[in-house]
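**Student:** Handing you a structure now.
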Amino acid sequence: MRIVLTGGITGGHIYPALAIGDKFKEMDPECEILYIGNERGMEREIVPRHGFDLEFVPSKAVDRSNVFKMAETLAVTEQGKSKTYRIMKKFKPDIVVSTGSYVSVPVVLAAHKFGAKVFIHEQNAYPGMANRFLSKYAEKVFLGFEDAGKYFKQNQKLQYAGNPVRRDFYGKDKKEARKILGIPEDDFVIMTFGGSQGAKMINDTALELVRAYGKNKNITILFGTGKRYYDDVQQDLKALGLDNLENVRVMPYIQDMANTLAATDVAISRSGALSVSEITMSGCPAIFVPSPNVTGDHQYYNAKAVVDNEGAILVREDADTPERVTNILKELLADPEIVSKMAENSLKCAPVNATDIVYKGIMDIWTKKI
């Protein structure tokens with residue numbers, strides 16, 4: 001079997017696609033996988049490191065601000081479709097799996113023209129524009145959150161699966177993860193992370209936490225800034241005289257997220273679908289601060305699914321967010337029993353069987369064809 005994966009720009013689209021690809025490789029080591037993405041996206045770094053072949057095609061986000069920009073998007077999409085079709089004539093995919101973003105548009109359109117079976121996975125509670133548009137070409141649309149179903153017209157194609165998470169996150173041991181990362185076994189570990197691109201509000205909150213707990217020898221703070229904010233954060237810490245603290249680790253991007261979350265007692269994070277899935281798969285309590293700048297407020301609904309099951313706490317973003325998060329954390333530090341219960345409830349929300357459901361759903365349709 002030959003499989004094309006597509007979906008990119010951010011880790012939230014890329015990692016679920018890789019998890020699906022890994023499942024196919026697990027079940028059939030001889031299957032061939034090609035990832036098609038955009039050279040400006042994070043797939044440029046992530047996919048080759050993961051071991052899958054990668055091709056780039058032109059693609060552009062929709063900008064409705066004026067007719068000329070819309071025309072440019074259509075032209076670039078057509079270029080991407082043509083290049084993708086040439087790639088498919090050579091690779092001859094049997095199926096194409098899309099996890100969304102604008103790069104998926106020319107790929108799925110080309111797949112439809114080529115005659116490959118198309119499958120879509122939507123990670124968020126509020127679907128992205130690309131997946132909603134492309135769903136008419138799909139054999140099946142897998143949902144990361146059941147609430148997303150009401151935004152698709154083809155109800156007969158929908159199947160709730162949860163969000164695929166890489167095997168790296170399964171069954172991690174906190175003690176072993178801390179040993180790998182060199183974190184004291186008995187420390188209370190706080191991790192802050194604003195998604196693959198970083199988030200200023202999360203960083204401002206982390207700075208407040210460093211002020212409050214950076215000199216506490218029984219607390220370790222793992223501070224993921226996002227690449228574009230890293231230098232600014234370092235300057236802020238230096239100005240505060242907090243740039244050389246042994247128990248505060250500042251990094252532009254958290255490479256080993258599986259061990260980092262396994263080692264963490266409380267994560268403070270945006271609530272993109274990938275972040276929520278990885279956090280719950282790790283059984284990690286969280287304080288979610290949903291981004292207010294996303295379509296349909298979908299990060300709020302992503303977080304709410306865990307909050308309603310008492311595995312996380314939700315804080316809406318405003319000027320007082322850093323102070324409110326710090327106060328919540330103070331309460332959690334004072335009550336380990338609550339943290340332990342949140343960890344149990346977080347794990348109950350984990351999409352443990354998501355990749356299995358997606359794989360079976362695809363194969364059920366594929367085997368009928370052959």
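As shown in the structure tokens, the chain order sets the letters A, B, ...; within each chain, residues go from 1, and ligands are also counted from 1 in the order they appear.
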Quick one: pick out all strand (DSSP E) residues within stretch 181-269 of chain A from a backbone DSSP run and write them as a PyMOL selection string.

**Tutor:** chain A and resi 188-193+219-224+248-251+266-269

**Student:** Residues of the last selection are to be written out with N, CA, C and O atoms, as a JSON list (two decimals), in the first residue's frame.

**Tutor:**
```json
[["chain", "number", "residue", "atom", "x", "y", "z"],
["A", 188, "PHE", "N", 8.69, 19.49, 42.44],
["A", 188, "PHE", "CA", 7.40, 19.77, 41.81],
["A", 188, "PHE", "C", 7.75, 20.44, 40.47],
["A", 188, "PHE", "O", 8.40, 21.49, 40.44],
["A", 189, "VAL", "N", 7.30, 19.83, 39.37],
["A", 189, "VAL", "CA", 7.71, 20.29, 38.05],
["A", 189, "VAL", "C", 6.56, 21.02, 37.34],
["A", 189, "VAL", "O", 5.46, 20.48, 37.21],
["A", 190, "ILE", "N", 6.85, 22.23, 36.91],
["A", 190, "ILE", "CA", 5.89, 23.05, 36.17],
["A", 190, "ILE", "C", 6.41, 23.21, 34.74],
["A", 190, "ILE", "O", 7.57, 23.55, 34.52],
["A", 191, "MET", "N", 5.56, 22.94, 33.77],
["A", 191, "MET", "CA", 5.94, 23.14, 32.38],
["A", 191, "MET", "C", 5.03, 24.17, 31.74],
["A", 191, "MET", "O", 3.80, 24.12, 31.90],
["A", 192, "THR", "N", 5.61, 25.13, 31.02],
["A", 192, "THR", "CA", 4.81, 26.12, 30.30],
["A", 192, "THR", "C", 5.14, 26.03, 28.82],
["A", 192, "THR", "O", 6.30, 25.89, 28.44],
["A", 193, "PHE", "N", 4.09, 26.12, 27.99],
["A", 193, "PHE", "CA", 4.29, 25.90, 26.57],
["A", 193, "PHE", "C", 3.15, 26.56, 25.81],
["A", 193, "PHE", "O", 1.98, 26.29, 26.09],
["A", 219, "ILE", "N", 11.38, 23.23, 43.29],
["A", 219, "ILE", "CA", 10.52, 23.39, 42.11],
["A", 219, "ILE", "C", 11.40, 23.52, 40.87],
["A", 219, "ILE", "O", 12.39, 24.25, 40.88],
["A", 220, "THR", "N", 11.03, 22.79, 39.82],
["A", 220, "THR", "CA", 11.68, 22.93, 38.53],
["A", 220, "THR", "C", 10.69, 23.53, 37.55],
["A", 220, "THR", "O", 9.54, 23.08, 37.47],
["A", 221, "ILE", "N", 11.11, 24.54, 36.81],
["A", 221, "ILE", "CA", 10.26, 25.18, 35.81],
["A", 221, "ILE", "C", 10.85, 24.91, 34.43],
["A", 221, "ILE", "O", 12.01, 25.25, 34.17],
["A", 222, "LEU", "N", 10.06, 24.30, 33.55],
["A", 222, "LEU", "CA", 10.45, 24.02, 32.17],
["A", 222, "LEU", "C", 9.69, 25.00, 31.28],
["A", 222, "LEU", "O", 8.47, 24.92, 31.16],
["A", 223, "PHE", "N", 10.40, 25.92, 30.70],
["A", 223, "PHE", "CA", 9.82, 27.10, 30.05],
["A", 223, "PHE", "C", 10.07, 27.03, 28.55],
["A", 223, "PHE", "O", 11.15, 27.34, 28.07],
["A", 224, "GLY", "N", 9.03, 26.59, 27.79],
["A", 224, "GLY", "CA", 9.11, 26.56, 26.33],
["A", 224, "GLY", "C", 8.57, 27.86, 25.77],
["A", 224, "GLY", "O", 7.37, 28.12, 25.85],
["A", 248, "VAL", "N", 15.45, 26.59, 36.59],
["A", 248, "VAL", "CA", 14.61, 27.12, 35.51],
["A", 248, "VAL", "C", 15.30, 26.83, 34.17],
["A", 248, "VAL", "O", 16.42, 27.28, 33.93],
["A", 249, "ARG", "N", 14.62, 26.07, 33.33],
["A", 249, "ARG", "CA", 15.17, 25.73, 32.01],
["A", 249, "ARG", "C", 14.36, 26.44, 30.93],
["A", 249, "ARG", "O", 13.16, 26.18, 30.79],
["A", 250, "VAL", "N", 15.01, 27.29, 30.20],
["A", 250, "VAL", "CA", 14.34, 28.06, 29.15],
["A", 250, "VAL", "C", 14.80, 27.52, 27.80],
["A", 250, "VAL", "O", 16.00, 27.40, 27.55],
["A", 251, "MET", "N", 13.85, 27.19, 26.94],
["A", 251, "MET", "CA", 14.20, 26.62, 25.63],
["A", 251, "MET", "C", 13.22, 27.15, 24.59],
["A", 251, "MET", "O", 12.05, 27.40, 24.87],
["A", 266, "VAL", "N", 2.32, 19.84, 36.71],
["A", 266, "VAL", "CA", 1.26, 20.70, 36.18],
["A", 266, "VAL", "C", 1.78, 21.40, 34.92],
["A", 266, "VAL", "O", 2.84, 22.02, 34.94],
["A", 267, "ALA", "N", 1.01, 21.28, 33.84],
["A", 267, "ALA", "CA", 1.35, 21.96, 32.59],
["A", 267, "ALA", "C", 0.47, 23.20, 32.44],
["A", 267, "ALA", "O", -0.72, 23.17, 32.73],
["A", 268, "ILE", "N", 1.10, 24.30, 32.00],
["A", 268, "ILE", "CA", 0.37, 25.54, 31.72],
["A", 268, "ILE", "C", 0.52, 25.78, 30.23],
["A", 268, "ILE", "O", 1.62, 25.96, 29.73],
["A", 269, "SER", "N", -0.61, 25.75, 29.52],
["A", 269, "SER", "CA", -0.53, 25.63, 28.07],
["A", 269, "SER", "C", -1.72, 26.25, 27.37],
["A", 269, "SER", "O", -2.80, 26.41, 27.95]]
```

**Student:** Name all residues at most 10 Å from stretch 59-68 of chain A (count only C-alpha atoms; drop same-chain ones fewer than 5 positions away) and give them as a list of chain:residue names.

**Tutor:**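 So, after excluding close chain neighbours, the residues are A:Gly37, A:Asn38, A:Glu39, A:Arg40, A:Thr73, A:Leu74, A:Ala75, A:Val76, A:Thr77, A:Glu78, A:Gln79, A:Gly80, A:Lys81, A:Ser101, A:Tyr102, A:Val103, A:Ser104, A:Val105, A:Pro106, A:Val107, A:Met129, A:Ala130.
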
**Student:** Just the selected residues (all heavy atoms), exported as a short mmCIF file (atom, residue, chain, number, x, y, z; two decimals), in the first residue's frame, please.

**Tutor:**
```
data_model
loop_
_atom_site.label_atom_id
_atom_site.label_comp_id
_atom_site.auth_asym_id
_atom_site.auth_seq_id
_atom_site.Cartn_x
_atom_site.Cartn_y
_atom_site.Cartn_z
N GLY A 37 3.96 18.53 1.97
CA GLY A 37 3.75 19.71 2.80
C GLY A 37 4.16 20.98 2.12
O GLY A 37 4.34 21.04 0.89
N ASN A 38 4.31 22.02 2.92
CA ASN A 38 4.72 23.34 2.44
C ASN A 38 6.10 23.65 3.00
O ASN A 38 6.35 23.45 4.19
CB ASN A 38 3.70 24.39 2.89
CG ASN A 38 3.98 25.77 2.33
OD1 ASN A 38 4.97 26.42 2.69
ND2 ASN A 38 3.13 26.24 1.44
N GLU A 39 7.00 24.16 2.17
CA GLU A 39 8.38 24.35 2.62
C GLU A 39 8.51 25.43 3.69
O GLU A 39 9.53 25.50 4.38
CB GLU A 39 9.28 24.70 1.44
CG GLU A 39 8.94 25.99 0.72
CD GLU A 39 9.86 26.22 -0.47
OE1 GLU A 39 10.88 25.50 -0.54
OE2 GLU A 39 9.57 27.10 -1.30
N ARG A 40 7.47 26.24 3.90
CA ARG A 40 7.53 27.27 4.95
C ARG A 40 7.05 26.72 6.30
O ARG A 40 7.17 27.40 7.32
CB ARG A 40 6.68 28.48 4.57
CG ARG A 40 7.16 29.21 3.32
CD ARG A 40 6.40 30.51 3.12
NE ARG A 40 4.96 30.29 3.02
CZ ARG A 40 4.33 29.95 1.89
NH1 ARG A 40 5.03 29.77 0.78
NH2 ARG A 40 3.03 29.79 1.87
N THR A 73 -4.28 33.44 -4.06
CA THR A 73 -4.44 32.15 -3.38
C THR A 73 -4.92 31.08 -4.36
O THR A 73 -4.41 29.95 -4.37
CB THR A 73 -5.44 32.27 -2.21
OG1 THR A 73 -4.90 33.15 -1.23
CG2 THR A 73 -5.69 30.91 -1.57
N LEU A 74 -5.88 31.42 -5.19
CA LEU A 74 -6.40 30.47 -6.17
C LEU A 74 -5.32 30.06 -7.16
O LEU A 74 -5.21 28.87 -7.51
CB LEU A 74 -7.59 31.09 -6.91
CG LEU A 74 -8.87 31.29 -6.08
CD1 LEU A 74 -9.90 32.08 -6.88
CD2 LEU A 74 -9.44 29.95 -5.64
N ALA A 75 -4.50 31.02 -7.58
CA ALA A 75 -3.43 30.72 -8.54
C ALA A 75 -2.38 29.81 -7.92
O ALA A 75 -1.94 28.83 -8.55
CB ALA A 75 -2.78 32.03 -9.02
N VAL A 76 -1.98 30.11 -6.69
CA VAL A 76 -0.98 29.28 -6.01
C VAL A 76 -1.54 27.88 -5.75
O VAL A 76 -0.83 26.87 -5.90
CB VAL A 76 -0.53 29.94 -4.69
CG1 VAL A 76 0.35 28.99 -3.88
CG2 VAL A 76 0.21 31.24 -4.96
N THR A 77 -2.81 27.80 -5.37
CA THR A 77 -3.44 26.50 -5.14
C THR A 77 -3.45 25.66 -6.40
O THR A 77 -3.19 24.44 -6.37
CB THR A 77 -4.88 26.69 -4.61
OG1 THR A 77 -4.84 27.40 -3.37
CG2 THR A 77 -5.56 25.34 -4.40
N GLU A 78 -3.72 26.29 -7.53
CA GLU A 78 -3.72 25.57 -8.80
C GLU A 78 -2.32 25.07 -9.14
O GLU A 78 -2.15 23.94 -9.64
CB GLU A 78 -4.25 26.47 -9.92
CG GLU A 78 -4.52 25.75 -11.22
CD GLU A 78 -5.53 24.62 -11.10
OE1 GLU A 78 -6.49 24.75 -10.32
OE2 GLU A 78 -5.35 23.59 -11.78
N GLN A 79 -1.30 25.89 -8.85
CA GLN A 79 0.08 25.45 -9.05
C GLN A 79 0.39 24.23 -8.18
O GLN A 79 1.02 23.27 -8.61
CB GLN A 79 1.05 26.58 -8.72
CG GLN A 79 1.00 27.76 -9.67
CD GLN A 79 1.81 28.94 -9.15
OE1 GLN A 79 2.64 28.80 -8.25
NE2 GLN A 79 1.57 30.11 -9.72
N GLY A 80 -0.05 24.32 -6.92
CA GLY A 80 0.19 23.21 -5.99
C GLY A 80 -0.52 21.95 -6.42
O GLY A 80 0.01 20.84 -6.31
N LYS A 81 -1.74 22.11 -6.92
CA LYS A 81 -2.51 20.96 -7.40
C LYS A 81 -1.80 20.28 -8.57
O LYS A 81 -1.69 19.05 -8.62
CB LYS A 81 -3.91 21.42 -7.81
CG LYS A 81 -4.79 20.31 -8.39
CD LYS A 81 -6.13 20.89 -8.82
CE LYS A 81 -6.95 19.86 -9.60
NZ LYS A 81 -8.22 20.43 -10.11
N SER A 101 -5.03 22.25 7.30
CA SER A 101 -4.25 23.44 6.97
C SER A 101 -4.28 23.65 5.47
O SER A 101 -4.61 22.75 4.69
CB SER A 101 -2.81 23.39 7.49
OG SER A 101 -1.94 22.78 6.56
N TYR A 102 -3.87 24.84 5.04
CA TYR A 102 -4.05 25.20 3.64
C TYR A 102 -3.21 24.35 2.69
O TYR A 102 -3.55 24.21 1.52
CB TYR A 102 -3.80 26.69 3.42
CG TYR A 102 -2.45 27.21 3.83
CD1 TYR A 102 -1.34 27.10 2.99
CD2 TYR A 102 -2.27 27.87 5.04
CE1 TYR A 102 -0.10 27.61 3.36
CE2 TYR A 102 -1.05 28.38 5.42
CZ TYR A 102 0.04 28.26 4.58
OH TYR A 102 1.27 28.77 4.94
N VAL A 103 -2.13 23.75 3.15
CA VAL A 103 -1.34 22.90 2.25
C VAL A 103 -2.13 21.68 1.81
O VAL A 103 -1.88 21.10 0.74
CB VAL A 103 -0.01 22.48 2.91
CG1 VAL A 103 -0.26 21.51 4.06
CG2 VAL A 103 0.92 21.85 1.89
N SER A 104 -3.11 21.27 2.60
CA SER A 104 -3.88 20.08 2.26
C SER A 104 -4.82 20.31 1.08
O SER A 104 -5.24 19.35 0.43
CB SER A 104 -4.68 19.60 3.48
OG SER A 104 -5.66 20.57 3.84
N VAL A 105 -5.15 21.57 0.78
CA VAL A 105 -6.13 21.84 -0.27
C VAL A 105 -5.64 21.37 -1.64
O VAL A 105 -6.33 20.57 -2.30
CB VAL A 105 -6.52 23.34 -0.28
CG1 VAL A 105 -7.46 23.62 -1.45
CG2 VAL A 105 -7.18 23.72 1.04
N PRO A 106 -4.48 21.83 -2.13
CA PRO A 106 -4.05 21.34 -3.44
C PRO A 106 -3.78 19.83 -3.45
O PRO A 106 -3.99 19.16 -4.48
CB PRO A 106 -2.76 22.12 -3.72
CG PRO A 106 -2.28 22.59 -2.40
CD PRO A 106 -3.53 22.82 -1.60
N VAL A 107 -3.36 19.28 -2.32
CA VAL A 107 -3.05 17.85 -2.26
C VAL A 107 -4.32 17.01 -2.40
O VAL A 107 -4.38 16.05 -3.18
CB VAL A 107 -2.30 17.49 -0.96
CG1 VAL A 107 -2.02 15.99 -0.90
CG2 VAL A 107 -1.00 18.28 -0.85
N MET A 129 -11.20 25.64 8.05
CA MET A 129 -11.83 25.92 6.76
C MET A 129 -11.45 24.87 5.71
O MET A 129 -12.28 24.42 4.91
CB MET A 129 -11.41 27.31 6.28
CG MET A 129 -12.09 27.77 5.01
SD MET A 129 -11.42 29.34 4.39
CE MET A 129 -11.71 30.39 5.81
N ALA A 130 -10.17 24.47 5.71
CA ALA A 130 -9.70 23.51 4.70
C ALA A 130 -10.43 22.19 4.82
O ALA A 130 -10.93 21.65 3.82
CB ALA A 130 -8.19 23.31 4.83
#
```

**Student:** Quick one: residues within 10 Å of stretch 209-218 of chain A, only C-alpha atoms, excluding same-chain residues fewer than 6 positions away - as a compact mmCIF listing (two decimals) with N, CA, C and O atoms, in the first residue's frame?

**Tutor:**
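Output saved as out_7.txt:
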```txt
# COMPACT_ATOMS: atom_id res chain seq x y z
N PRO A 184 15.42 16.51 39.40
CA PRO A 184 15.34 15.85 40.71
C PRO A 184 14.01 15.11 40.89
O PRO A 184 12.94 15.65 40.58
N GLU A 185 14.10 13.90 41.40
CA GLU A 185 12.94 13.02 41.49
C GLU A 185 11.81 13.61 42.34
O GLU A 185 10.64 13.39 42.06
N ASP A 186 12.16 14.36 43.38
CA ASP A 186 11.14 14.85 44.32
C ASP A 186 10.69 16.28 44.07
O ASP A 186 9.89 16.83 44.83
N ASP A 187 11.20 16.92 43.01
CA ASP A 187 10.77 18.29 42.71
C ASP A 187 9.33 18.33 42.23
O ASP A 187 8.81 17.36 41.67
N PHE A 188 8.69 19.49 42.44
CA PHE A 188 7.40 19.77 41.81
C PHE A 188 7.75 20.44 40.47
O PHE A 188 8.40 21.49 40.44
N VAL A 189 7.30 19.83 39.37
CA VAL A 189 7.71 20.29 38.05
C VAL A 189 6.56 21.02 37.34
O VAL A 189 5.46 20.48 37.21
N ILE A 190 6.85 22.23 36.91
CA ILE A 190 5.89 23.05 36.17
C ILE A 190 6.41 23.21 34.74
O ILE A 190 7.57 23.55 34.52
N THR A 192 5.61 25.13 31.02
CA THR A 192 4.81 26.12 30.30
C THR A 192 5.14 26.03 28.82
O THR A 192 6.30 25.89 28.44
N ASN A 203 4.02 33.07 27.85
CA ASN A 203 5.36 33.49 28.27
C ASN A 203 5.31 34.52 29.40
O ASN A 203 6.12 34.48 30.34
N LEU A 237 14.27 37.97 31.33
CA LEU A 237 14.81 37.28 32.50
C LEU A 237 16.09 37.96 32.99
O LEU A 237 16.31 38.11 34.20
N LEU A 240 15.36 41.05 34.88
CA LEU A 240 14.82 40.75 36.21
C LEU A 240 15.86 40.10 37.13
O LEU A 240 15.58 39.84 38.30
N GLY A 241 17.03 39.83 36.59
CA GLY A 241 18.06 39.15 37.38
C GLY A 241 17.74 37.69 37.63
O GLY A 241 18.18 37.12 38.62
N LEU A 242 16.98 37.09 36.69
CA LEU A 242 16.53 35.70 36.87
C LEU A 242 16.99 34.80 35.73
O LEU A 242 16.35 33.80 35.41
N ASP A 243 18.12 35.14 35.11
CA ASP A 243 18.55 34.44 33.92
C ASP A 243 19.52 33.29 34.18
O ASP A 243 19.87 32.57 33.26
N ASN A 244 19.96 33.12 35.41
CA ASN A 244 20.93 32.05 35.70
C ASN A 244 20.47 31.15 36.85
O ASN A 244 21.28 30.72 37.67
N LEU A 245 19.18 30.85 36.88
CA LEU A 245 18.64 30.02 37.95
C LEU A 245 18.77 28.54 37.57
O LEU A 245 18.40 28.13 36.47
N GLU A 246 19.29 27.74 38.48
CA GLU A 246 19.57 26.34 38.19
C GLU A 246 18.30 25.52 37.93
O GLU A 246 18.33 24.55 37.17
N ASN A 247 17.21 25.90 38.56
CA ASN A 247 15.99 25.09 38.45
C ASN A 247 15.01 25.64 37.40
O ASN A 247 13.86 25.19 37.33
N VAL A 248 15.45 26.59 36.59
CA VAL A 248 14.61 27.12 35.51
C VAL A 248 15.30 26.83 34.17
O VAL A 248 16.42 27.28 33.93
N PRO A 322 -1.63 36.19 34.11
CA PRO A 322 -0.44 35.69 34.83
C PRO A 322 -0.65 35.61 36.34
O PRO A 322 -0.26 34.62 36.97
N GLU A 323 -1.30 36.62 36.90
CA GLU A 323 -1.53 36.64 38.35
C GLU A 323 -2.52 35.53 38.75
O GLU A 323 -2.32 34.84 39.76
N VAL A 325 -3.19 32.67 37.18
CA VAL A 325 -2.57 31.36 37.04
C VAL A 325 -1.61 31.11 38.20
O VAL A 325 -1.58 30.01 38.77
N THR A 326 -0.86 32.11 38.58
CA THR A 326 0.07 31.97 39.70
C THR A 326 -0.67 31.65 40.99
O THR A 326 -0.22 30.81 41.80
N ASN A 327 -1.81 32.28 41.20
CA ASN A 327 -2.61 32.00 42.40
C ASN A 327 -3.19 30.58 42.39
O ASN A 327 -3.23 29.91 43.43
N LEU A 329 -1.86 28.04 40.85
CA LEU A 329 -0.74 27.13 41.08
C LEU A 329 -0.35 27.09 42.56
O LEU A 329 0.00 26.01 43.08
N LYS A 330 -0.46 28.21 43.21
CA LYS A 330 -0.17 28.26 44.65
C LYS A 330 -1.10 27.31 45.41
O LYS A 330 -0.66 26.57 46.32
```

**Student:** Could you check how far atom CA of A:Lys172 sits from atom CA of A:Gly283, in Å to one decimal?

**Tutor:** 9.5 Å

**Student:** From the set A:Arg316, A:Lys23, A:Lys69, A:Arg86, which residue has the shortest atom-to-atom contact distance to A:Ile362, counting only C-alpha atoms?

**Tutor:**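 Selected residue with least distance to A:Ile362: A:Lys23.
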
**Student:** Could I get the residues of stretch 53-147 of chain A with an atom no further than 7 Å from an atom of stretch 152-161 of chain A, each paired with its nearest atom pair and that distance in Å to one decimal, using only C-alpha atoms, sorted by chain and residue number, as JSON lines?

**Tutor:**
```
{"residue": "A:Arg132", "atom": "CA", "partner": "A:Phe152", "partner_atom": "CA", "distance": 6.3}
{"residue": "A:Glu139", "atom": "CA", "partner": "A:Lys157", "partner_atom": "CA", "distance": 6.6}
{"residue": "A:Lys140", "atom": "CA", "partner": "A:Lys157", "partner_atom": "CA", "distance": 4.6}
{"residue": "A:Val141", "atom": "CA", "partner": "A:Leu158", "partner_atom": "CA", "distance": 4.9}
{"residue": "A:Phe142", "atom": "CA", "partner": "A:Gln159", "partner_atom": "CA", "distance": 4.9}
{"residue": "A:Leu143", "atom": "CA", "partner": "A:Tyr160", "partner_atom": "CA", "distance": 4.6}
{"residue": "A:Gly144", "atom": "CA", "partner": "A:Ala161", "partner_atom": "CA", "distance": 5.9}
{"residue": "A:Phe145", "atom": "CA", "partner": "A:Tyr160", "partner_atom": "CA", "distance": 6.8}
{"residue": "A:Glu146", "atom": "CA", "partner": "A:Tyr160", "partner_atom": "CA", "distance": 5.8}
```

**Student:** Once you have the residues from the selection above, write them out as a compact mmCIF listing (two decimals), in the first residue's frame, restricted to C-alpha atoms.

**Tutor:**
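Just written: part23.txt:
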```txt
# COMPACT_ATOMS: atom_id res chain seq x y z
CA ARG A 132 -14.74 21.66 5.89
CA GLU A 139 -14.52 8.77 1.99
CA LYS A 140 -14.60 9.40 5.75
CA VAL A 141 -13.99 12.31 8.13
CA PHE A 142 -12.54 11.37 11.52
CA LEU A 143 -13.24 13.75 14.40
CA GLY A 144 -10.96 14.62 17.28
CA PHE A 145 -13.95 16.05 19.19
CA GLU A 146 -17.53 14.92 18.69
```

**Student:** If you measure from atom CA of A:Asp168 to atom CA of A:Ala258, what distance in Å do you get, rounded to one decimal?

**Tutor:** 6.0 Å

**Student:** Rank nothing, just name the residue among A:Ala312, A:Met342, A:Val358, A:Ala125 nearest to A:His298, using only C-alpha atoms.

**Tutor:**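 Ranking A:Ala312, A:Met342, A:Val358, A:Ala125 by distance to A:His298, first place goes to A:Ala125.
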
**Student:** Run DSSP on the backbone and grab whatever in stretch 60-227 of chain A lands in helix (DSSP H, G or I); send it over as a VMD selection string.

**Tutor:** chain A and resid 67 to 91 104 to 114 129 to 137 146 to 151 155 to 157 167 to 169 174 to 181 200 to 213 227

**Student:** So the first atom is atom CA of A:Lys368 and the second is atom CA of A:Gly149; what is the distance between them in Å, to one decimal place?

**Tutor:**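 Distance between the two atoms: 24.9 Å.
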
**Student:** Quick one: residues within 12 Å of A:Asp356, only C-alpha atoms, excluding same-chain residues fewer than 4 positions away - as a VMD selection string?

**Tutor:** chain A and resid 19 to 24 26 to 27 142 160 to 167 351 to 352 360 to 364

**Student:** For a quick check of understanding, using only C-alpha atoms, which of A:Gly51, A:Pro93, A:Gly198, A:Pro16 has the smallest distance to A:Arg270?

**Tutor:**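 Among A:Gly51, A:Pro93, A:Gly198, A:Pro16, it is A:Gly198 that comes nearest to A:Arg270.
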